[in-house]
Amino acid sequence: VMGFLGNSFPIFKNQDEILIIGGGIGVPPLYEVAKRYRRLGKIVNVVLGFNDKDSIFLKDEFSRLGCNIYVATIDGSFGFKGNVIELIKHFNLNGFVYSCGPNIMLKAVESNFRDGYISKESRMACGVGVCMACVCKAKKSEDNYYRICKEGPVFKIGTVE
C-alpha cells in the first residue's frame, strides 16, 4: 500500500484573504485548504469552474465552511457564464491564491497572479520519482525538471511550465 505522494499546500497564518480557484476534478484538494483557513478566521473566496450545472460539486460544502462562493460555468447554465479568470476579473477578486485544475486553467492563473500556489495533475507511474514519467519543466532553467510525484504536486506560482 502506497500513501500520499509529494507535498501539500502550505498554510500561512499571516494571510488574511485567500482566493481559491478550482476547476473540475481539481476542486477536492482545495477543500482542506479552505477548511484550515476558515479555522484561522480568514476570509476565503472560492471560485469554482465547471462545464455546466450538472458537473458542479462541493459548492454547498464550501458554503457551510463560511466561504464566499463564486461559480462559473462555461455554458452559463449556473452562475457566471465563462471561465474562472473572467469571473475573477468581473468581481475584482484577489487574495493569496491556491489553485488546482486543468492545465489550461493553471496557465491562466499563472498569467494573472504572482502570489500563491498551484497543484499540477499528472499520471504517476512509479510514484516515488524514479521513472520520470511525471516531470514538468522548470520556468527559470532550461535544463531543470521537477517530478510532480516527488517535488510536487504543489508548486509556487512561477516555478513550473
# chains A, B, ... in the order shown; residues from 1 in each chain; ligands from 1
$ residues_around --residues "Glu161 in chain A" --least-positions-apart "2" --cutoff "9 Å" --atoms "only C-alpha atoms" --output "PyMOL selection string"
chain A and resi 107+136-139+158-159
$ write_last_selection --atoms "C-alpha atoms" --output "PDB file, in the first residue's frame"
ATOM      1  CA  LYS A 107      -1.690  28.625 -17.124  1.00  0.00           C
ATOM      2  CA  CYS A 136       7.343  19.164 -15.704  1.00  0.00           C
ATOM      3  CA  LYS A 137       9.790  21.787 -16.920  1.00  0.00           C
ATOM      4  CA  ALA A 138      11.122  24.467 -14.612  1.00  0.00           C
ATOM      5  CA  LYS A 139      10.362  28.017 -15.775  1.00  0.00           C
ATOM      6  CA  GLY A 158       6.010  30.819 -11.418  1.00  0.00           C
ATOM      7  CA  THR A 159       8.072  27.698 -10.710  1.00  0.00           C
TER       8      THR A 159
END
$ residues_around --residues "Glu121 in chain A" --least-positions-apart "3" --cutoff "8 Å" --atoms "only C-alpha atoms" --output "compact mmCIF listing (two decimals) with N, CA, C and O atoms, in the first residue's frame"
# COMPACT_ATOMS: atom_id res chain seq x y z
N GLY A 101 -6.55 22.35 -10.99
CA GLY A 101 -7.50 22.11 -12.06
C GLY A 101 -6.77 21.78 -13.34
O GLY A 101 -5.57 21.45 -13.33
N PRO A 102 -7.47 21.90 -14.47
CA PRO A 102 -6.84 21.56 -15.75
C PRO A 102 -5.67 22.49 -16.07
O PRO A 102 -5.63 23.65 -15.63
N ASN A 103 -4.72 21.98 -16.83
CA ASN A 103 -3.52 22.76 -17.17
C ASN A 103 -3.83 24.10 -17.82
O ASN A 103 -3.16 25.09 -17.52
N ILE A 148 6.54 15.64 -10.49
CA ILE A 148 5.30 16.01 -9.81
C ILE A 148 5.05 15.13 -8.60
O ILE A 148 4.58 15.61 -7.56
N PRO A 153 3.00 17.62 -5.82
CA PRO A 153 2.35 18.27 -6.96
C PRO A 153 2.13 19.77 -6.78
O PRO A 153 1.75 20.47 -7.70
$ atom_distance --atom1 "CA of Gly152 in chain A" --atom2 "CA of Met124 in chain A"
11.4 Å
$ closest_residue --among "A:Leu87, A:Tyr31, A:Asn92, A:Phe80" --to "Gly66 in chain A" --atoms "only C-alpha atoms"
A:Tyr31
$ select_by_dssp --residues "range 2-151 of chain A" --states "alpha helix (DSSP H)" --output "number ranges by chain"
A: 28-39, 59-65, 84-91, 103-112
$ write_last_selection --atoms "N, CA, C and O atoms" --output "short mmCIF file (atom, residue, chain, number, x, y, z; two decimals), in the first residue's frame"
data_model
loop_
_atom_site.label_atom_id
_atom_site.label_comp_id
_atom_site.auth_asym_id
_atom_site.auth_seq_id
_atom_site.Cartn_x
_atom_site.Cartn_y
_atom_site.Cartn_z
N PRO A 28 -11.61 19.15 -5.23
CA PRO A 28 -11.48 18.49 -3.91
C PRO A 28 -10.21 18.79 -3.13
O PRO A 28 -10.30 18.99 -1.90
N PRO A 29 -9.02 18.84 -3.74
CA PRO A 29 -7.83 19.12 -2.92
C PRO A 29 -7.86 20.49 -2.24
O PRO A 29 -7.15 20.72 -1.26
N LEU A 30 -8.69 21.38 -2.73
CA LEU A 30 -8.75 22.74 -2.20
C LEU A 30 -9.68 22.87 -0.99
O LEU A 30 -9.62 23.85 -0.27
N TYR A 31 -10.52 21.88 -0.78
CA TYR A 31 -11.46 21.92 0.33
C TYR A 31 -10.73 21.98 1.68
O TYR A 31 -11.09 22.77 2.56
N GLU A 32 -9.70 21.18 1.83
CA GLU A 32 -8.95 21.17 3.10
C GLU A 32 -8.25 22.52 3.33
O GLU A 32 -8.15 22.99 4.46
N VAL A 33 -7.76 23.15 2.26
CA VAL A 33 -7.14 24.47 2.37
C VAL A 33 -8.16 25.47 2.91
O VAL A 33 -7.88 26.22 3.85
N ALA A 34 -9.35 25.45 2.32
CA ALA A 34 -10.41 26.36 2.78
C ALA A 34 -10.76 26.10 4.24
O ALA A 34 -10.91 27.04 5.04
N LYS A 35 -10.87 24.84 4.61
CA LYS A 35 -11.23 24.47 5.98
C LYS A 35 -10.18 25.00 6.97
O LYS A 35 -10.52 25.56 8.01
N ARG A 36 -8.92 24.84 6.63
CA ARG A 36 -7.86 25.27 7.54
C ARG A 36 -7.83 26.79 7.69
O ARG A 36 -7.64 27.31 8.79
N TYR A 37 -8.03 27.53 6.60
CA TYR A 37 -8.05 29.00 6.70
C TYR A 37 -9.30 29.50 7.42
O TYR A 37 -9.23 30.48 8.16
N ARG A 38 -10.42 28.84 7.25
CA ARG A 38 -11.63 29.25 7.97
C ARG A 38 -11.46 29.01 9.47
O ARG A 38 -11.91 29.81 10.28
N ARG A 39 -10.77 27.93 9.85
CA ARG A 39 -10.50 27.69 11.28
C ARG A 39 -9.65 28.81 11.87
O ARG A 39 -9.72 29.09 13.06
N LYS A 59 -19.87 22.68 -3.83
CA LYS A 59 -20.27 24.08 -3.63
C LYS A 59 -20.90 24.27 -2.26
O LYS A 59 -20.53 25.19 -1.52
N ASP A 60 -21.82 23.41 -1.90
CA ASP A 60 -22.50 23.52 -0.60
C ASP A 60 -21.55 23.28 0.57
O ASP A 60 -21.66 23.91 1.61
N GLU A 61 -20.60 22.38 0.39
CA GLU A 61 -19.63 22.10 1.45
C GLU A 61 -18.75 23.31 1.72
O GLU A 61 -18.48 23.64 2.88
N PHE A 62 -18.30 23.99 0.67
CA PHE A 62 -17.52 25.22 0.86
C PHE A 62 -18.38 26.29 1.52
O PHE A 62 -17.92 27.01 2.39
N SER A 63 -19.62 26.37 1.13
CA SER A 63 -20.54 27.35 1.70
C SER A 63 -20.74 27.11 3.20
O SER A 63 -20.74 28.05 3.99
N ARG A 64 -20.88 25.86 3.60
CA ARG A 64 -21.05 25.54 5.03
C ARG A 64 -19.83 25.93 5.85
O ARG A 64 -19.93 26.16 7.05
N LEU A 65 -18.67 25.99 5.22
CA LEU A 65 -17.46 26.44 5.93
C LEU A 65 -17.49 27.94 6.19
O LEU A 65 -16.71 28.45 6.99
N VAL A 84 -13.14 30.80 -15.01
CA VAL A 84 -12.85 31.33 -13.68
C VAL A 84 -12.11 32.66 -13.71
O VAL A 84 -12.37 33.53 -12.88
N ILE A 85 -11.22 32.85 -14.66
CA ILE A 85 -10.46 34.10 -14.75
C ILE A 85 -11.39 35.26 -15.11
O ILE A 85 -11.30 36.35 -14.53
N GLU A 86 -12.31 35.02 -16.04
CA GLU A 86 -13.29 36.06 -16.39
C GLU A 86 -14.15 36.43 -15.18
O GLU A 86 -14.42 37.60 -14.94
N LEU A 87 -14.55 35.41 -14.42
CA LEU A 87 -15.35 35.67 -13.21
C LEU A 87 -14.55 36.48 -12.20
O LEU A 87 -15.06 37.45 -11.62
N ILE A 88 -13.31 36.11 -11.97
CA ILE A 88 -12.45 36.81 -11.01
C ILE A 88 -12.28 38.27 -11.40
O ILE A 88 -12.38 39.17 -10.56
N LYS A 89 -12.07 38.53 -12.68
CA LYS A 89 -11.93 39.91 -13.16
C LYS A 89 -13.25 40.67 -13.03
O LYS A 89 -13.26 41.84 -12.65
N HIS A 90 -14.36 40.00 -13.33
CA HIS A 90 -15.68 40.64 -13.25
C HIS A 90 -15.99 41.10 -11.83
O HIS A 90 -16.51 42.20 -11.62
N PHE A 91 -15.68 40.27 -10.84
CA PHE A 91 -15.97 40.59 -9.44
C PHE A 91 -14.78 41.22 -8.72
O PHE A 91 -14.85 41.48 -7.52
N ASN A 103 -4.72 21.98 -16.83
CA ASN A 103 -3.52 22.76 -17.17
C ASN A 103 -3.83 24.10 -17.82
O ASN A 103 -3.16 25.09 -17.52
N ILE A 104 -4.82 24.16 -18.68
CA ILE A 104 -5.15 25.43 -19.34
C ILE A 104 -5.60 26.47 -18.31
O ILE A 104 -5.28 27.65 -18.42
N MET A 105 -6.32 26.03 -17.28
CA MET A 105 -6.74 26.94 -16.22
C MET A 105 -5.54 27.38 -15.39
O MET A 105 -5.40 28.56 -15.06
N LEU A 106 -4.65 26.44 -15.07
CA LEU A 106 -3.46 26.79 -14.28
C LEU A 106 -2.57 27.78 -15.02
O LEU A 106 -1.99 28.67 -14.40
N LYS A 107 -2.46 27.65 -16.33
CA LYS A 107 -1.69 28.63 -17.12
C LYS A 107 -2.31 30.01 -17.01
O LYS A 107 -1.60 31.01 -16.87
N ALA A 108 -3.63 30.07 -17.07
CA ALA A 108 -4.32 31.37 -16.95
C ALA A 108 -4.14 31.94 -15.55
O ALA A 108 -3.93 33.15 -15.39
N VAL A 109 -4.18 31.09 -14.53
CA VAL A 109 -3.95 31.56 -13.16
C VAL A 109 -2.55 32.14 -13.05
O VAL A 109 -2.36 33.22 -12.50
N GLU A 110 -1.56 31.43 -13.58
CA GLU A 110 -0.18 31.92 -13.51
C GLU A 110 0.03 33.20 -14.29
O GLU A 110 0.88 34.01 -13.95
N SER A 111 -0.76 33.41 -15.34
CA SER A 111 -0.65 34.65 -16.12
C SER A 111 -1.25 35.84 -15.40
O SER A 111 -0.93 36.98 -15.72
N ASN A 112 -2.14 35.58 -14.45
CA ASN A 112 -2.86 36.66 -13.79
C ASN A 112 -2.50 36.89 -12.33
O ASN A 112 -2.91 37.89 -11.75
#
$ closest_residue --among "A:Gly24, A:Gly6, A:Gly79, A:Gly116" --to "Tyr98 in chain A" --atoms "only C-alpha atoms"
A:Gly116
$ residues_around --residues "Val130 in chain A" --least-positions-apart "2" --cutoff "12 Å" --atoms "only C-alpha atoms" --output "tab-separated table (two decimals) with all heavy atoms, in the first residue's frame"
chain	number	residue	atom	x	y	z
A	124	MET	N	1.18	9.25	-12.62
A	124	MET	CA	2.41	8.92	-11.91
A	124	MET	C	2.61	7.41	-11.98
A	124	MET	O	1.90	6.66	-11.32
A	124	MET	CB	2.33	9.39	-10.47
A	124	MET	CG	2.17	10.88	-10.34
A	124	MET	SD	2.00	11.36	-8.62
A	124	MET	CE	1.31	12.99	-8.81
A	125	ALA	N	3.57	6.98	-12.77
A	125	ALA	CA	3.79	5.55	-12.96
A	125	ALA	C	4.35	4.89	-11.71
A	125	ALA	O	3.78	3.93	-11.20
A	125	ALA	CB	4.71	5.32	-14.15
A	126	CYS	N	5.45	5.41	-11.19
A	126	CYS	CA	6.07	4.76	-10.02
A	126	CYS	C	5.67	5.44	-8.72
A	126	CYS	O	5.59	4.80	-7.68
A	126	CYS	CB	7.58	4.72	-10.15
A	126	CYS	SG	8.38	6.31	-9.86
A	127	GLY	N	5.43	6.74	-8.75
A	127	GLY	CA	5.03	7.47	-7.56
A	127	GLY	C	6.12	7.82	-6.59
A	127	GLY	O	5.87	8.41	-5.55
A	128	VAL	N	7.37	7.45	-6.89
A	128	VAL	CA	8.48	7.75	-5.98
A	128	VAL	C	9.61	8.52	-6.66
A	128	VAL	O	10.67	8.70	-6.07
A	128	VAL	CB	9.02	6.46	-5.31
A	128	VAL	CG1	7.99	5.87	-4.38
A	128	VAL	CG2	9.48	5.46	-6.34
A	132	MET	N	10.47	9.01	-13.83
A	132	MET	CA	10.46	10.30	-14.53
A	132	MET	C	9.28	10.46	-15.49
A	132	MET	O	9.33	11.25	-16.42
A	132	MET	CB	11.78	10.52	-15.27
A	132	MET	CG	13.01	10.40	-14.39
A	132	MET	SD	13.09	11.63	-13.10
A	132	MET	CE	13.79	12.98	-13.99
A	133	ALA	N	8.19	9.74	-15.26
A	133	ALA	CA	7.01	9.83	-16.13
A	133	ALA	C	6.19	11.09	-15.87
A	133	ALA	O	5.40	11.49	-16.70
A	133	ALA	CB	6.13	8.60	-15.95
A	134	CYS	N	6.37	11.71	-14.71
A	134	CYS	CA	5.52	12.85	-14.33
A	134	CYS	C	6.29	14.16	-14.27
A	134	CYS	O	5.93	15.05	-13.50
A	134	CYS	CB	4.84	12.56	-13.00
A	134	CYS	SG	5.99	12.39	-11.61
A	135	VAL	N	7.31	14.32	-15.08
A	135	VAL	CA	8.13	15.53	-14.99
A	135	VAL	C	7.44	16.73	-15.62
A	135	VAL	O	6.64	16.60	-16.54
A	135	VAL	CB	9.53	15.34	-15.63
A	135	VAL	CG1	10.32	14.30	-14.89
A	135	VAL	CG2	9.42	15.03	-17.10
A	146	TYR	N	11.07	19.13	-12.73
A	146	TYR	CA	10.58	18.71	-11.43
A	146	TYR	C	9.71	17.48	-11.61
A	146	TYR	O	8.95	17.38	-12.57
A	146	TYR	CB	9.75	19.81	-10.77
A	146	TYR	CG	10.54	21.02	-10.39
A	146	TYR	CD1	10.46	22.19	-11.13
A	146	TYR	CD2	11.37	21.01	-9.28
A	146	TYR	CE1	11.19	23.31	-10.77
A	146	TYR	CE2	12.10	22.13	-8.91
A	146	TYR	CZ	12.01	23.27	-9.67
A	146	TYR	OH	12.72	24.38	-9.31
A	147	ARG	N	9.80	16.56	-10.67
A	147	ARG	CA	8.94	15.39	-10.66
A	147	ARG	C	7.69	15.75	-9.85
A	147	ARG	O	7.80	16.12	-8.68
A	147	ARG	CB	9.66	14.19	-10.04
A	147	ARG	CG	10.90	13.79	-10.84
A	147	ARG	CD	11.78	12.88	-10.05
A	147	ARG	NE	12.34	13.65	-8.92
A	147	ARG	CZ	13.22	13.17	-8.04
A	147	ARG	NH1	13.62	11.92	-8.15
A	147	ARG	NH2	13.67	13.91	-7.07
A	148	ILE	N	6.54	15.64	-10.49
A	148	ILE	CA	5.30	16.01	-9.81
A	148	ILE	C	5.05	15.13	-8.60
A	148	ILE	O	4.58	15.61	-7.56
A	148	ILE	CB	4.11	16.00	-10.80
A	148	ILE	CG1	4.31	17.13	-11.82
A	148	ILE	CG2	2.78	16.14	-10.08
A	148	ILE	CD1	3.30	17.17	-12.93
A	149	CYS	N	5.43	13.86	-8.68
A	149	CYS	CA	5.19	12.96	-7.54
A	149	CYS	C	6.16	13.19	-6.39
A	149	CYS	O	5.88	12.80	-5.26
A	149	CYS	CB	5.28	11.50	-7.99
A	149	CYS	SG	6.96	10.94	-8.38
A	150	LYS	N	7.28	13.83	-6.64
A	150	LYS	CA	8.31	13.97	-5.61
A	150	LYS	C	8.43	15.43	-5.14
A	150	LYS	O	8.27	15.73	-3.98
A	150	LYS	CB	9.64	13.48	-6.17
A	150	LYS	CG	10.70	13.25	-5.16
A	150	LYS	CD	10.50	11.93	-4.47
A	150	LYS	CE	11.73	11.61	-3.65
A	150	LYS	NZ	11.48	10.57	-2.70
$ residues_around --residues "range 10-22 of chain A" --least-positions-apart "2" --cutoff "6 Å" --atoms "only C-alpha atoms" --output "mmCIF file with N, CA, C and O atoms, in the first residue's frame"
data_model
loop_
_atom_site.group_PDB
_atom_site.id
_atom_site.type_symbol
_atom_site.label_atom_id
_atom_site.label_comp_id
_atom_site.auth_asym_id
_atom_site.auth_seq_id
_atom_site.Cartn_x
_atom_site.Cartn_y
_atom_site.Cartn_z
ATOM 1 N N GLY A 26 -10.135 19.249 -9.996
ATOM 2 C CA GLY A 26 -9.153 19.941 -9.166
ATOM 3 C C GLY A 26 -9.766 20.598 -7.935
ATOM 4 O O GLY A 26 -9.055 21.145 -7.102
ATOM 5 N N VAL A 27 -11.075 20.534 -7.793
ATOM 6 C CA VAL A 27 -11.750 21.178 -6.660
ATOM 7 C C VAL A 27 -11.491 20.468 -5.326
ATOM 8 O O VAL A 27 -11.185 21.125 -4.324
ATOM 9 N N LYS A 42 -9.964 33.405 8.668
ATOM 10 C CA LYS A 42 -9.587 34.191 7.493
ATOM 11 C C LYS A 42 -10.737 34.275 6.488
ATOM 12 O O LYS A 42 -11.638 33.435 6.467
ATOM 13 N N ILE A 43 -10.681 35.289 5.629
ATOM 14 C CA ILE A 43 -11.639 35.439 4.527
ATOM 15 C C ILE A 43 -11.210 34.493 3.417
ATOM 16 O O ILE A 43 -10.066 34.537 2.961
ATOM 17 N N VAL A 44 -12.136 33.648 2.977
ATOM 18 C CA VAL A 44 -11.834 32.691 1.919
ATOM 19 C C VAL A 44 -12.842 32.864 0.788
ATOM 20 O O VAL A 44 -14.038 32.621 0.960
ATOM 21 N N ASN A 45 -12.346 33.328 -0.355
ATOM 22 C CA ASN A 45 -13.146 33.437 -1.570
ATOM 23 C C ASN A 45 -12.864 32.207 -2.418
ATOM 24 O O ASN A 45 -11.711 31.925 -2.717
ATOM 25 N N VAL A 46 -13.913 31.482 -2.778
ATOM 26 C CA VAL A 46 -13.766 30.251 -3.543
ATOM 27 C C VAL A 46 -14.399 30.438 -4.909
ATOM 28 O O VAL A 46 -15.596 30.719 -5.016
ATOM 29 N N VAL A 47 -13.594 30.271 -5.942
ATOM 30 C CA VAL A 47 -14.068 30.355 -7.321
ATOM 31 C C VAL A 47 -13.995 28.954 -7.909
ATOM 32 O O VAL A 47 -12.914 28.363 -7.995
ATOM 33 N N LEU A 48 -15.145 28.443 -8.300
ATOM 34 C CA LEU A 48 -15.227 27.100 -8.857
ATOM 35 C C LEU A 48 -15.627 27.187 -10.325
ATOM 36 O O LEU A 48 -16.560 27.911 -10.671
ATOM 37 N N GLY A 95 -6.458 38.085 -3.547
ATOM 38 C CA GLY A 95 -6.027 37.389 -2.342
ATOM 39 C C GLY A 95 -4.879 36.462 -2.686
ATOM 40 O O GLY A 95 -4.466 36.339 -3.838
ATOM 41 N N PHE A 96 -4.366 35.801 -1.682
ATOM 42 C CA PHE A 96 -3.296 34.828 -1.857
ATOM 43 C C PHE A 96 -3.914 33.590 -2.504
ATOM 44 O O PHE A 96 -4.881 33.036 -1.991
ATOM 45 N N VAL A 97 -3.373 33.140 -3.634
ATOM 46 C CA VAL A 97 -4.015 32.139 -4.477
ATOM 47 C C VAL A 97 -3.586 30.710 -4.163
ATOM 48 O O VAL A 97 -2.407 30.429 -3.945
ATOM 49 N N TYR A 98 -4.595 29.829 -4.189
ATOM 50 C CA TYR A 98 -4.392 28.377 -4.184
ATOM 51 C C TYR A 98 -5.239 27.852 -5.332
ATOM 52 O O TYR A 98 -6.436 28.147 -5.399
ATOM 53 N N SER A 99 -4.637 27.076 -6.240
ATOM 54 C CA SER A 99 -5.384 26.631 -7.402
ATOM 55 C C SER A 99 -5.041 25.207 -7.800
ATOM 56 O O SER A 99 -3.892 24.771 -7.691
ATOM 57 N N CYS A 100 -6.050 24.497 -8.280
ATOM 58 C CA CYS A 100 -5.876 23.158 -8.817
ATOM 59 C C CYS A 100 -6.950 22.953 -9.876
ATOM 60 O O CYS A 100 -8.103 23.334 -9.683
ATOM 61 N N GLY A 101 -6.554 22.353 -10.985
ATOM 62 C CA GLY A 101 -7.500 22.109 -12.063
ATOM 63 C C GLY A 101 -6.767 21.777 -13.345
ATOM 64 O O GLY A 101 -5.573 21.448 -13.326
#
$ closest_residue --among "A:Leu93, A:Asp115, A:Asn7, A:Ile25" --to "Asn68 in chain A" --atoms "only C-alpha atoms"
A:Leu93
$ select_by_dssp --residues "chain A" --states "strand (DSSP E)" --output "PyMOL selection string"
chain A and resi 17-23+43-50+68-73+80-81+96-100+116-119+135-137+145-147+154-156
$ decode --residues "range 120-152 of chain A" --atoms "N, CA and C atoms" --output "PDB file, in the first residue's frame"
ATOM      1  N   LYS A 120      -0.337  20.685  -9.679  1.00  0.00           N
ATOM      2  CA  LYS A 120      -0.340  20.067 -11.006  1.00  0.00           C
ATOM      3  C   LYS A 120      -0.892  18.651 -10.915  1.00  0.00           C
ATOM      4  N   GLU A 121      -1.562  18.235 -11.953  1.00  0.00           N
ATOM      5  CA  GLU A 121      -2.053  16.870 -12.047  1.00  0.00           C
ATOM      6  C   GLU A 121      -1.238  16.137 -13.107  1.00  0.00           C
ATOM      7  N   SER A 122      -0.932  14.879 -12.830  1.00  0.00           N
ATOM      8  CA  SER A 122      -0.163  14.090 -13.778  1.00  0.00           C
ATOM      9  C   SER A 122      -0.341  12.616 -13.488  1.00  0.00           C
ATOM     10  N   ARG A 123      -0.197  11.808 -14.506  1.00  0.00           N
ATOM     11  CA  ARG A 123      -0.141  10.363 -14.280  1.00  0.00           C
ATOM     12  C   ARG A 123       1.206  10.062 -13.655  1.00  0.00           C
ATOM     13  N   MET A 124       1.183   9.255 -12.625  1.00  0.00           N
ATOM     14  CA  MET A 124       2.411   8.920 -11.911  1.00  0.00           C
ATOM     15  C   MET A 124       2.612   7.410 -11.980  1.00  0.00           C
ATOM     16  N   ALA A 125       3.569   6.985 -12.772  1.00  0.00           N
ATOM     17  CA  ALA A 125       3.787   5.552 -12.964  1.00  0.00           C
ATOM     18  C   ALA A 125       4.346   4.889 -11.709  1.00  0.00           C
ATOM     19  N   CYS A 126       5.451   5.406 -11.188  1.00  0.00           N
ATOM     20  CA  CYS A 126       6.066   4.758 -10.019  1.00  0.00           C
ATOM     21  C   CYS A 126       5.672   5.436  -8.719  1.00  0.00           C
ATOM     22  N   GLY A 127       5.435   6.743  -8.746  1.00  0.00           N
ATOM     23  CA  GLY A 127       5.026   7.473  -7.561  1.00  0.00           C
ATOM     24  C   GLY A 127       6.124   7.825  -6.586  1.00  0.00           C
ATOM     25  N   VAL A 128       7.368   7.455  -6.891  1.00  0.00           N
ATOM     26  CA  VAL A 128       8.476   7.751  -5.982  1.00  0.00           C
ATOM     27  C   VAL A 128       9.612   8.523  -6.656  1.00  0.00           C
ATOM     28  N   GLY A 129       9.413   8.959  -7.890  1.00  0.00           N
ATOM     29  CA  GLY A 129      10.395   9.799  -8.560  1.00  0.00           C
ATOM     30  C   GLY A 129      11.462   9.093  -9.370  1.00  0.00           C
ATOM     31  N   VAL A 130      11.349   7.801  -9.532  1.00  0.00           N
ATOM     32  CA  VAL A 130      12.380   7.052 -10.254  1.00  0.00           C
ATOM     33  C   VAL A 130      12.136   7.035 -11.760  1.00  0.00           C
ATOM     34  N   CYS A 131      10.905   6.821 -12.178  1.00  0.00           N
ATOM     35  CA  CYS A 131      10.617   6.587 -13.598  1.00  0.00           C
ATOM     36  C   CYS A 131      10.624   7.853 -14.447  1.00  0.00           C
ATOM     37  N   MET A 132      10.473   9.013 -13.831  1.00  0.00           N
ATOM     38  CA  MET A 132      10.461  10.301 -14.526  1.00  0.00           C
ATOM     39  C   MET A 132       9.277  10.463 -15.488  1.00  0.00           C
ATOM     40  N   ALA A 133       8.186   9.738 -15.259  1.00  0.00           N
ATOM     41  CA  ALA A 133       7.010   9.831 -16.127  1.00  0.00           C
ATOM     42  C   ALA A 133       6.186  11.092 -15.866  1.00  0.00           C
ATOM     43  N   CYS A 134       6.368  11.715 -14.714  1.00  0.00           N
ATOM     44  CA  CYS A 134       5.515  12.850 -14.335  1.00  0.00           C
ATOM     45  C   CYS A 134       6.294  14.164 -14.269  1.00  0.00           C
ATOM     46  N   VAL A 135       7.310  14.323 -15.078  1.00  0.00           N
ATOM     47  CA  VAL A 135       8.130  15.535 -14.988  1.00  0.00           C
ATOM     48  C   VAL A 135       7.440  16.728 -15.624  1.00  0.00           C
ATOM     49  N   CYS A 136       7.763  17.904 -15.104  1.00  0.00           N
ATOM     50  CA  CYS A 136       7.343  19.164 -15.704  1.00  0.00           C
ATOM     51  C   CYS A 136       8.557  20.092 -15.709  1.00  0.00           C
ATOM     52  N   LYS A 137       8.625  20.927 -16.713  1.00  0.00           N
ATOM     53  CA  LYS A 137       9.790  21.787 -16.920  1.00  0.00           C
ATOM     54  C   LYS A 137       9.786  22.975 -15.966  1.00  0.00           C
ATOM     55  N   ALA A 138      10.956  23.279 -15.458  1.00  0.00           N
ATOM     56  CA  ALA A 138      11.122  24.467 -14.612  1.00  0.00           C
ATOM     57  C   ALA A 138      11.066  25.708 -15.487  1.00  0.00           C
ATOM     58  N   LYS A 139      10.460  26.776 -15.004  1.00  0.00           N
ATOM     59  CA  LYS A 139      10.362  28.017 -15.775  1.00  0.00           C
ATOM     60  C   LYS A 139      11.682  28.772 -15.852  1.00  0.00           C
ATOM     61  N   LYS A 140      12.463  28.725 -14.792  1.00  0.00           N
ATOM     62  CA  LYS A 140      13.647  29.581 -14.729  1.00  0.00           C
ATOM     63  C   LYS A 140      14.935  28.885 -15.138  1.00  0.00           C
ATOM     64  N   SER A 141      14.826  27.656 -15.646  1.00  0.00           N
ATOM     65  CA  SER A 141      16.020  26.929 -16.041  1.00  0.00           C
ATOM     66  C   SER A 141      15.713  26.080 -17.263  1.00  0.00           C
ATOM     67  N   GLU A 142      16.591  26.143 -18.239  1.00  0.00           N
ATOM     68  CA  GLU A 142      16.418  25.360 -19.459  1.00  0.00           C
ATOM     69  C   GLU A 142      16.612  23.870 -19.216  1.00  0.00           C
ATOM     70  N   ASP A 143      17.451  23.524 -18.245  1.00  0.00           N
ATOM     71  CA  ASP A 143      17.835  22.130 -18.034  1.00  0.00           C
ATOM     72  C   ASP A 143      17.154  21.455 -16.855  1.00  0.00           C
ATOM     73  N   ASN A 144      16.357  22.170 -16.112  1.00  0.00           N
ATOM     74  CA  ASN A 144      15.821  21.611 -14.877  1.00  0.00           C
ATOM     75  C   ASN A 144      14.374  21.156 -15.054  1.00  0.00           C
ATOM     76  N   TYR A 145      14.072  20.017 -14.464  1.00  0.00           N
ATOM     77  CA  TYR A 145      12.727  19.466 -14.458  1.00  0.00           C
ATOM     78  C   TYR A 145      12.367  19.088 -13.027  1.00  0.00           C
ATOM     79  N   TYR A 146      11.072  19.130 -12.733  1.00  0.00           N
ATOM     80  CA  TYR A 146      10.585  18.709 -11.431  1.00  0.00           C
ATOM     81  C   TYR A 146       9.711  17.476 -11.613  1.00  0.00           C
ATOM     82  N   ARG A 147       9.804  16.561 -10.666  1.00  0.00           N
ATOM     83  CA  ARG A 147       8.939  15.385 -10.662  1.00  0.00           C
ATOM     84  C   ARG A 147       7.691  15.746  -9.852  1.00  0.00           C
ATOM     85  N   ILE A 148       6.542  15.642 -10.488  1.00  0.00           N
ATOM     86  CA  ILE A 148       5.296  16.014  -9.815  1.00  0.00           C
ATOM     87  C   ILE A 148       5.049  15.133  -8.600  1.00  0.00           C
ATOM     88  N   CYS A 149       5.425  13.863  -8.676  1.00  0.00           N
ATOM     89  CA  CYS A 149       5.192  12.960  -7.541  1.00  0.00           C
ATOM     90  C   CYS A 149       6.161  13.189  -6.392  1.00  0.00           C
ATOM     91  N   LYS A 150       7.279  13.828  -6.640  1.00  0.00           N
ATOM     92  CA  LYS A 150       8.314  13.972  -5.613  1.00  0.00           C
ATOM     93  C   LYS A 150       8.432  15.431  -5.141  1.00  0.00           C
ATOM     94  N   GLU A 151       8.746  16.346  -6.054  1.00  0.00           N
ATOM     95  CA  GLU A 151       8.886  17.765  -5.688  1.00  0.00           C
ATOM     96  C   GLU A 151       7.544  18.482  -5.683  1.00  0.00           C
ATOM     97  N   GLY A 152       6.546  17.914  -6.273  1.00  0.00           N
ATOM     98  CA  GLY A 152       5.210  18.481  -6.345  1.00  0.00           C
ATOM     99  C   GLY A 152       4.256  17.622  -5.541  1.00  0.00           C
TER     100      GLY A 152
END
